[in-house]
Every structure is written in structure tokens, then in C-alpha cells.
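What's in run_12.pdb: PDB, C-alpha atoms, pLDDT in the B column
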MODEL        1
ATOM      1  CA  MET O   1       8.780  -5.912 -15.255  1.00 36.00           C
ATOM      2  CA  PRO O   2      12.486  -5.065 -14.865  1.00 45.00           C
ATOM      3  CA  LYS O   3      14.690  -7.751 -13.404  1.00 48.00           C
ATOM      4  CA  ASP O   4      15.701  -5.579 -10.420  1.00 50.00           C
ATOM      5  CA  TYR O   5      12.118  -4.607  -9.489  1.00 71.00           C
ATOM      6  CA  PRO O   6      12.023  -6.491  -6.147  1.00 86.00           C
ATOM      7  CA  ARG O   7      15.244  -4.773  -5.016  1.00 86.00           C
ATOM      8  CA  SER O   8      13.936  -1.346  -6.074  1.00 88.00           C
ATOM      9  CA  ARG O   9      10.708  -1.966  -4.156  1.00 92.00           C
ATOM     10  CA  ARG O  10      12.609  -3.076  -1.035  1.00 92.00           C
ATOM     11  CA  ILE O  11      14.838  -0.004  -1.188  1.00 93.00           C
ATOM     12  CA  ALA O  12      11.802   2.266  -1.669  1.00 94.00           C
ATOM     13  CA  GLU O  13      10.072   0.675   1.330  1.00 95.00           C
ATOM     14  CA  GLN O  14      13.175   1.040   3.489  1.00 95.00           C
ATOM     15  CA  ILE O  15      13.554   4.686   2.433  1.00 96.00           C
ATOM     16  CA  GLN O  16       9.900   5.263   3.371  1.00 96.00           C
ATOM     17  CA  ARG O  17      10.383   3.697   6.822  1.00 96.00           C
ATOM     18  CA  GLU O  18      13.615   5.583   7.526  1.00 96.00           C
ATOM     19  CA  LEU O  19      12.303   8.947   6.283  1.00 96.00           C
ATOM     20  CA  SER O  20       9.132   8.545   8.348  1.00 95.00           C
ATOM     21  CA  GLU O  21      11.248   8.082  11.443  1.00 96.00           C
ATOM     22  CA  ILE O  22      13.607  10.946  10.558  1.00 95.00           C
ATOM     23  CA  ILE O  23      10.696  13.336   9.964  1.00 94.00           C
ATOM     24  CA  ARG O  24       8.901  12.246  13.133  1.00 93.00           C
ATOM     25  CA  LEU O  25      11.888  12.300  15.486  1.00 93.00           C
ATOM     26  CA  GLU O  26      14.572  14.586  14.074  1.00 93.00           C
ATOM     27  CA  LEU O  27      13.039  17.166  11.736  1.00 92.00           C
ATOM     28  CA  LYS O  28      12.315  20.287  13.772  1.00 89.00           C
ATOM     29  CA  ASP O  29      10.731  22.483  11.064  1.00 88.00           C
ATOM     30  CA  PRO O  30       7.294  23.642  12.324  1.00 87.00           C
ATOM     31  CA  ARG O  31       6.082  24.123   8.728  1.00 85.00           C
ATOM     32  CA  VAL O  32       6.090  20.373   8.186  1.00 87.00           C
ATOM     33  CA  GLY O  33       3.711  19.434  10.999  1.00 83.00           C
ATOM     34  CA  MET O  34       2.060  16.026  10.994  1.00 87.00           C
ATOM     35  CA  ILE O  35       2.521  14.296   7.655  1.00 90.00           C
ATOM     36  CA  THR O  36       2.320  10.709   6.480  1.00 91.00           C
ATOM     37  CA  LEU O  37       4.516   9.308   3.746  1.00 94.00           C
ATOM     38  CA  THR O  38       2.198   7.399   1.426  1.00 93.00           C
ATOM     39  CA  ASP O  39       4.648   6.063  -1.164  1.00 94.00           C
ATOM     40  CA  VAL O  40       8.211   6.226  -2.456  1.00 96.00           C
ATOM     41  CA  GLU O  41       9.214   5.688  -6.082  1.00 95.00           C
ATOM     42  CA  VAL O  42      12.896   5.063  -6.811  1.00 95.00           C
ATOM     43  CA  THR O  43      14.341   5.352 -10.317  1.00 93.00           C
ATOM     44  CA  PRO O  44      16.022   2.207 -11.701  1.00 90.00           C
ATOM     45  CA  ASP O  45      19.482   3.785 -11.298  1.00 90.00           C
ATOM     46  CA  TYR O  46      18.690   4.767  -7.655  1.00 91.00           C
ATOM     47  CA  GLU O  47      19.707   8.370  -8.367  1.00 94.00           C
ATOM     48  CA  HIS O  48      16.306   9.888  -7.531  1.00 96.00           C
ATOM     49  CA  ALA O  49      13.459   9.088  -5.175  1.00 96.00           C
ATOM     50  CA  LYS O  50      10.031  10.692  -5.350  1.00 97.00           C
ATOM     51  CA  ILE O  51       8.412  10.759  -1.914  1.00 97.00           C
ATOM     52  CA  PHE O  52       4.651  11.204  -1.738  1.00 96.00           C
ATOM     53  CA  PHE O  53       3.117  12.611   1.435  1.00 94.00           C
ATOM     54  CA  THR O  54      -0.246  13.609   2.801  1.00 91.00           C
ATOM     55  CA  ARG O  55      -1.106  15.859   5.734  1.00 85.00           C
ATOM     56  CA  LEU O  56      -3.187  14.888   8.708  1.00 71.00           C
ATOM     57  CA  GLY O  57      -5.945  17.222   9.831  1.00 63.00           C
ATOM     58  CA  ASP O  58      -5.626  20.747   8.417  1.00 61.00           C
ATOM     59  CA  ALA O  59      -5.504  20.889   4.624  1.00 60.00           C
ATOM     60  CA  GLY O  60      -3.610  24.258   4.696  1.00 68.00           C
ATOM     61  CA  ASP O  61      -0.871  25.264   2.282  1.00 79.00           C
ATOM     62  CA  ASN O  62       0.712  22.115   0.861  1.00 84.00           C
ATOM     63  CA  THR O  63       3.242  24.031  -1.234  1.00 87.00           C
ATOM     64  CA  ALA O  64       4.764  25.495   1.945  1.00 89.00           C
ATOM     65  CA  VAL O  65       5.113  21.993   3.401  1.00 90.00           C
ATOM     66  CA  THR O  66       6.647  20.740   0.152  1.00 92.00           C
ATOM     67  CA  ARG O  67       9.148  23.624   0.194  1.00 93.00           C
ATOM     68  CA  ALA O  68      10.016  22.909   3.829  1.00 94.00           C
ATOM     69  CA  LEU O  69      10.620  19.233   3.036  1.00 95.00           C
ATOM     70  CA  GLN O  70      12.742  20.129  -0.001  1.00 95.00           C
ATOM     71  CA  HIS O  71      14.717  22.560   2.161  1.00 95.00           C
ATOM     72  CA  ALA O  72      15.396  19.782   4.701  1.00 95.00           C
ATOM     73  CA  GLY O  73      16.160  17.290   1.914  1.00 94.00           C
ATOM     74  CA  GLY O  74      19.932  17.544   2.337  1.00 94.00           C
ATOM     75  CA  PHE O  75      19.695  16.784   6.042  1.00 95.00           C
ATOM     76  CA  MET O  76      17.339  13.861   5.410  1.00 96.00           C
ATOM     77  CA  ARG O  77      19.555  12.494   2.635  1.00 95.00           C
ATOM     78  CA  THR O  78      22.575  12.624   4.976  1.00 94.00           C
ATOM     79  CA  GLU O  79      20.575  10.781   7.643  1.00 95.00           C
ATOM     80  CA  LEU O  80      19.508   8.179   5.079  1.00 95.00           C
ATOM     81  CA  ALA O  81      23.143   7.649   4.094  1.00 94.00           C
ATOM     82  CA  ARG O  82      24.031   7.125   7.739  1.00 94.00           C
ATOM     83  CA  ARG O  83      21.187   4.637   8.326  1.00 94.00           C
ATOM     84  CA  MET O  84      21.193   2.716   5.049  1.00 92.00           C
ATOM     85  CA  ARG O  85      24.120   0.918   3.448  1.00 86.00           C
ATOM     86  CA  LEU O  86      23.649   2.101  -0.135  1.00 87.00           C
ATOM     87  CA  ARG O  87      26.316   2.880  -2.684  1.00 89.00           C
ATOM     88  CA  ILE O  88      24.078   5.611  -4.093  1.00 90.00           C
ATOM     89  CA  VAL O  89      21.757   7.596  -1.830  1.00 93.00           C
ATOM     90  CA  PRO O  90      19.049   9.088  -4.050  1.00 95.00           C
ATOM     91  CA  GLN O  91      18.198  12.752  -4.401  1.00 96.00           C
ATOM     92  CA  LEU O  92      14.878  13.326  -2.639  1.00 96.00           C
ATOM     93  CA  GLN O  93      11.919  14.987  -4.319  1.00 97.00           C
ATOM     94  CA  PHE O  94       8.757  15.535  -2.274  1.00 96.00           C
ATOM     95  CA  GLU O  95       5.282  15.672  -3.771  1.00 94.00           C
ATOM     96  CA  TYR O  96       1.893  16.127  -2.130  1.00 92.00           C
ATOM     97  CA  ASP O  97      -0.383  13.096  -2.574  1.00 88.00           C
ATOM     98  CA  ASP O  98      -4.001  14.190  -2.876  1.00 84.00           C
ATOM     99  CA  SER O  99      -5.372  10.669  -3.428  1.00 80.00           C
ATOM    100  CA  VAL O 100      -6.608  10.422   0.174  1.00 75.00           C
ATOM    101  CA  GLU O 101      -8.572  13.673  -0.151  1.00 76.00           C
ATOM    102  CA  ARG O 102      -9.970  12.544  -3.515  1.00 79.00           C
ATOM    103  CA  GLY O 103     -11.021   9.238  -1.970  1.00 80.00           C
ATOM    104  CA  VAL O 104     -12.853  10.960   0.886  1.00 79.00           C
ATOM    105  CA  ARG O 105     -14.588  13.319  -1.567  1.00 82.00           C
ATOM    106  CA  LEU O 106     -15.650  10.427  -3.818  1.00 86.00           C
ATOM    107  CA  SER O 107     -16.878   8.442  -0.827  1.00 86.00           C
ATOM    108  CA  LYS O 108     -19.041  11.389   0.284  1.00 87.00           C
ATOM    109  CA  LEU O 109     -20.446  11.762  -3.242  1.00 86.00           C
ATOM    110  CA  ILE O 110     -21.301   8.057  -3.380  1.00 88.00           C
ATOM    111  CA  ASP O 111     -22.941   8.200   0.054  1.00 85.00           C
ATOM    112  CA  GLU O 112     -24.997  11.219  -1.026  1.00 83.00           C
ATOM    113  CA  ALA O 113     -26.035   9.539  -4.282  1.00 84.00           C
ATOM    114  CA  VAL O 114     -27.083   6.348  -2.479  1.00 85.00           C
ATOM    115  CA  GLY O 115     -28.910   8.377   0.198  1.00 81.00           C
ATOM    116  CA  ASN O 116     -30.883  10.336  -2.415  1.00 76.00           C
ATOM    117  CA  LYS O 117     -32.201   7.267  -4.268  1.00 69.00           C
ATOM    118  CA  PRO O 118     -35.930   6.621  -3.929  1.00 66.00           C
ATOM    119  CA  GLY O 119     -36.339   4.027  -1.208  1.00 57.00           C
ATOM    120  CA  GLY O 120     -32.722   4.533  -0.075  1.00 50.00           C
ATOM    121  CA  ALA O 121     -31.846   5.051   3.577  1.00 52.00           C
ATOM    122  CA  LYS O 122     -31.688   8.728   4.551  1.00 49.00           C
TER     123      LYS O 122
ENDMDL
END
As C-alpha cells, the full file:
Amino acid sequence: MPKDYPRSRRIAEQIQRELSEIIRLELKDPRVGMITLTDVEVTPDYEHAKIFFTRLGDAGDNTAVTRALQHAGGFMRTELARRMRLRIVPQLQFEYDDSVERGVRLSKLIDEAVGNKPGGAK
């Protein structure tokens, strides 16, 4: 584990909190809709941050949401610089996180498999 790991994790968590608030309160792009930031990964040099998000409700076109977030990235980076006291404010890269959907799908498959066992509850 790198020596500066705890600081990187704290910065990533603060970026996640601040971006969540910025998106919820200040981002006016209707393409974004209701999203949840699931994780933030910051490079060791703090130059780049990968922000993972998932959408609530409608599964729609995730690439359009990703493009909208990338388009608003400059605004969000400026807001981060204003809110956080960092020497380097990372470039933001947004990526759709499908782990929640995969988890729901796997859970349904497990429930179906357990339900179809002889003597299992149906």
C-alpha cells in the first residue's frame, strides 16, 4: 500500500461528497437526471479522478448521461476548486458503474434457482 493512501482516500471521499452536492444543487442539465456517485478513484499524483455513477430508476442511455457529465466537467472542477483547498484539482472523468444492476440481476438469478429447487419455497 502506498504511504499516501489514507490521504488519497480522504481526498476521494471529499470529492465524492462535494460533487454529489454540486450535481444535486447546481447542475441544471436535464440529461443528467437523478444519479448517485458510487465511488471516486484519485491517481497518486492527484491529476485525475475517475468518478463512478449509477442512475436511479430508468436505465435509459448511460452514454448520454456520461457525455453530459463530461461536458459539465469544467464547471464542476471549478466548483471543486472553490470548495476544496487543494493545490491540484484533478481532471474529472465520469464512468457508468453497472455493479448495482449486476447485483440485482445476480440476486434475481439466485432467488429463482433457490425457488426452483425440489422442496424449496415457491
O:Gln16: which residues within 8 Å, counting only C-alpha atoms, same-chain residues fewer than 2 positions away excluded, as a list of chain:residue names?
-> O:Ala12, O:Glu13, O:Gln14, O:Glu18, O:Leu19, O:Ser20, O:Leu37, O:Asp39, O:Val40, O:Ile51
Emit the selected residues as an mmCIF file, in the coordinates of the input, including C-alpha atoms.
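File produced: result-v9.cif:
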data_model
loop_
_atom_site.group_PDB
_atom_site.id
_atom_site.type_symbol
_atom_site.label_atom_id
_atom_site.label_comp_id
_atom_site.auth_asym_id
_atom_site.auth_seq_id
_atom_site.Cartn_x
_atom_site.Cartn_y
_atom_site.Cartn_z
ATOM 1 C CA ALA O 12 11.802 2.266 -1.669
ATOM 2 C CA GLU O 13 10.072 0.675 1.330
ATOM 3 C CA GLN O 14 13.175 1.040 3.489
ATOM 4 C CA GLU O 18 13.615 5.583 7.526
ATOM 5 C CA LEU O 19 12.303 8.947 6.283
ATOM 6 C CA SER O 20 9.132 8.545 8.348
ATOM 7 C CA LEU O 37 4.516 9.308 3.746
ATOM 8 C CA ASP O 39 4.648 6.063 -1.164
ATOM 9 C CA VAL O 40 8.211 6.226 -2.456
ATOM 10 C CA ILE O 51 8.412 10.759 -1.914
#
I need the residue set behind the PyMOL selection byres ((chain O and resi 76) around 9) for this file; please write it as a ChimeraX atom specification.
-> /O:19,22-23,27,69,72-75,77-81,92
Residues from last step as file, C-alpha atoms, as a PDB file, keeping the file's coordinate frame:
ATOM      1  CA  LEU O  19      12.303   8.947   6.283  1.00 96.00           C
ATOM      2  CA  ILE O  22      13.607  10.946  10.558  1.00 95.00           C
ATOM      3  CA  ILE O  23      10.696  13.336   9.964  1.00 94.00           C
ATOM      4  CA  LEU O  27      13.039  17.166  11.736  1.00 92.00           C
ATOM      5  CA  LEU O  69      10.620  19.233   3.036  1.00 95.00           C
ATOM      6  CA  ALA O  72      15.396  19.782   4.701  1.00 95.00           C
ATOM      7  CA  GLY O  73      16.160  17.290   1.914  1.00 94.00           C
ATOM      8  CA  GLY O  74      19.932  17.544   2.337  1.00 94.00           C
ATOM      9  CA  PHE O  75      19.695  16.784   6.042  1.00 95.00           C
ATOM     10  CA  ARG O  77      19.555  12.494   2.635  1.00 95.00           C
ATOM     11  CA  THR O  78      22.575  12.624   4.976  1.00 94.00           C
ATOM     12  CA  GLU O  79      20.575  10.781   7.643  1.00 95.00           C
ATOM     13  CA  LEU O  80      19.508   8.179   5.079  1.00 95.00           C
ATOM     14  CA  ALA O  81      23.143   7.649   4.094  1.00 94.00           C
ATOM     15  CA  LEU O  92      14.878  13.326  -2.639  1.00 96.00           C
TER      16      LEU O  92
END
Go through the shown structure with the PyMOL selection byres ((chain O and resi 88) around 7) and write out the matching residues as a PDB file with C-alpha atoms, in the coordinates of the input.
ATOM      1  CA  TYR O  46      18.690   4.767  -7.655  1.00 91.00           C
ATOM      2  CA  GLU O  47      19.707   8.370  -8.367  1.00 94.00           C
ATOM      3  CA  LEU O  86      23.649   2.101  -0.135  1.00 87.00           C
ATOM      4  CA  ARG O  87      26.316   2.880  -2.684  1.00 89.00           C
ATOM      5  CA  VAL O  89      21.757   7.596  -1.830  1.00 93.00           C
ATOM      6  CA  PRO O  90      19.049   9.088  -4.050  1.00 95.00           C
TER       7      PRO O  90
END
Mind pulling up the distance from atom CA of O:Glu101 to atom CA of O:Val65?
-> 16.4 Å
Choose the residue, out of O:Thr63, O:Ser99, O:Gln91, O:Ser107, that has the smallest atom-to-atom separation from O:Arg31; count only C-alpha atoms.
->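 Going through O:Thr63, O:Ser99, O:Gln91, O:Ser107 one by one, the smallest distance to O:Arg31 is for O:Thr63.
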Would you place a box with edges along x, y and z of the file around all atoms of stretch 83-94 of chain O listed there, add 4 Å to each of its six sides, and report the centre and edge lengths in Å to one decimal, as lines of an AutoDock Vina configuration file?
center_x = 17.5
center_y = 8.2
center_z = 2.0
size_x = 25.6
size_y = 22.6
size_z = 20.7
Quick one: apply the PyMOL selection byres ((chain O and resi 36) around 8) to the file and drop the selected residues here as a list in words.
->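 That selection, the PyMOL selection byres ((chain O and resi 36) around 8), comes back as Ser20, Met34, Ile35, Leu37, Thr38, Phe53, Thr54, Arg55 and Leu56 of chain O.
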So how far away is atom CA of O:Thr43 from atom CA of O:Pro6, in Å?
->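 That distance, rounded to one decimal, is 12.8 Å.
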O:Lys50, O:Lys108, O:Arg7, O:Arg24 ranked by distance to O:Gln70, top pick (using all atoms listed in the file) =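 Residue with the minimum atom-to-atom distance to O:Gln70: O:Lys50.
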Quote the spacing between atom CA of O:Leu25 and atom CA of O:His48 in Å to one decimal place.
->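 Spanning atom CA of O:Leu25 to atom CA of O:His48 is a straight-line distance of 23.6 Å.
Minimum atom-to-atom distances from O:Phe52, O:Val100, O:Ala68, O:Met84 to O:Lys28 were compared using only C-alpha atoms, and the lowest value belongs to O:Ala68.
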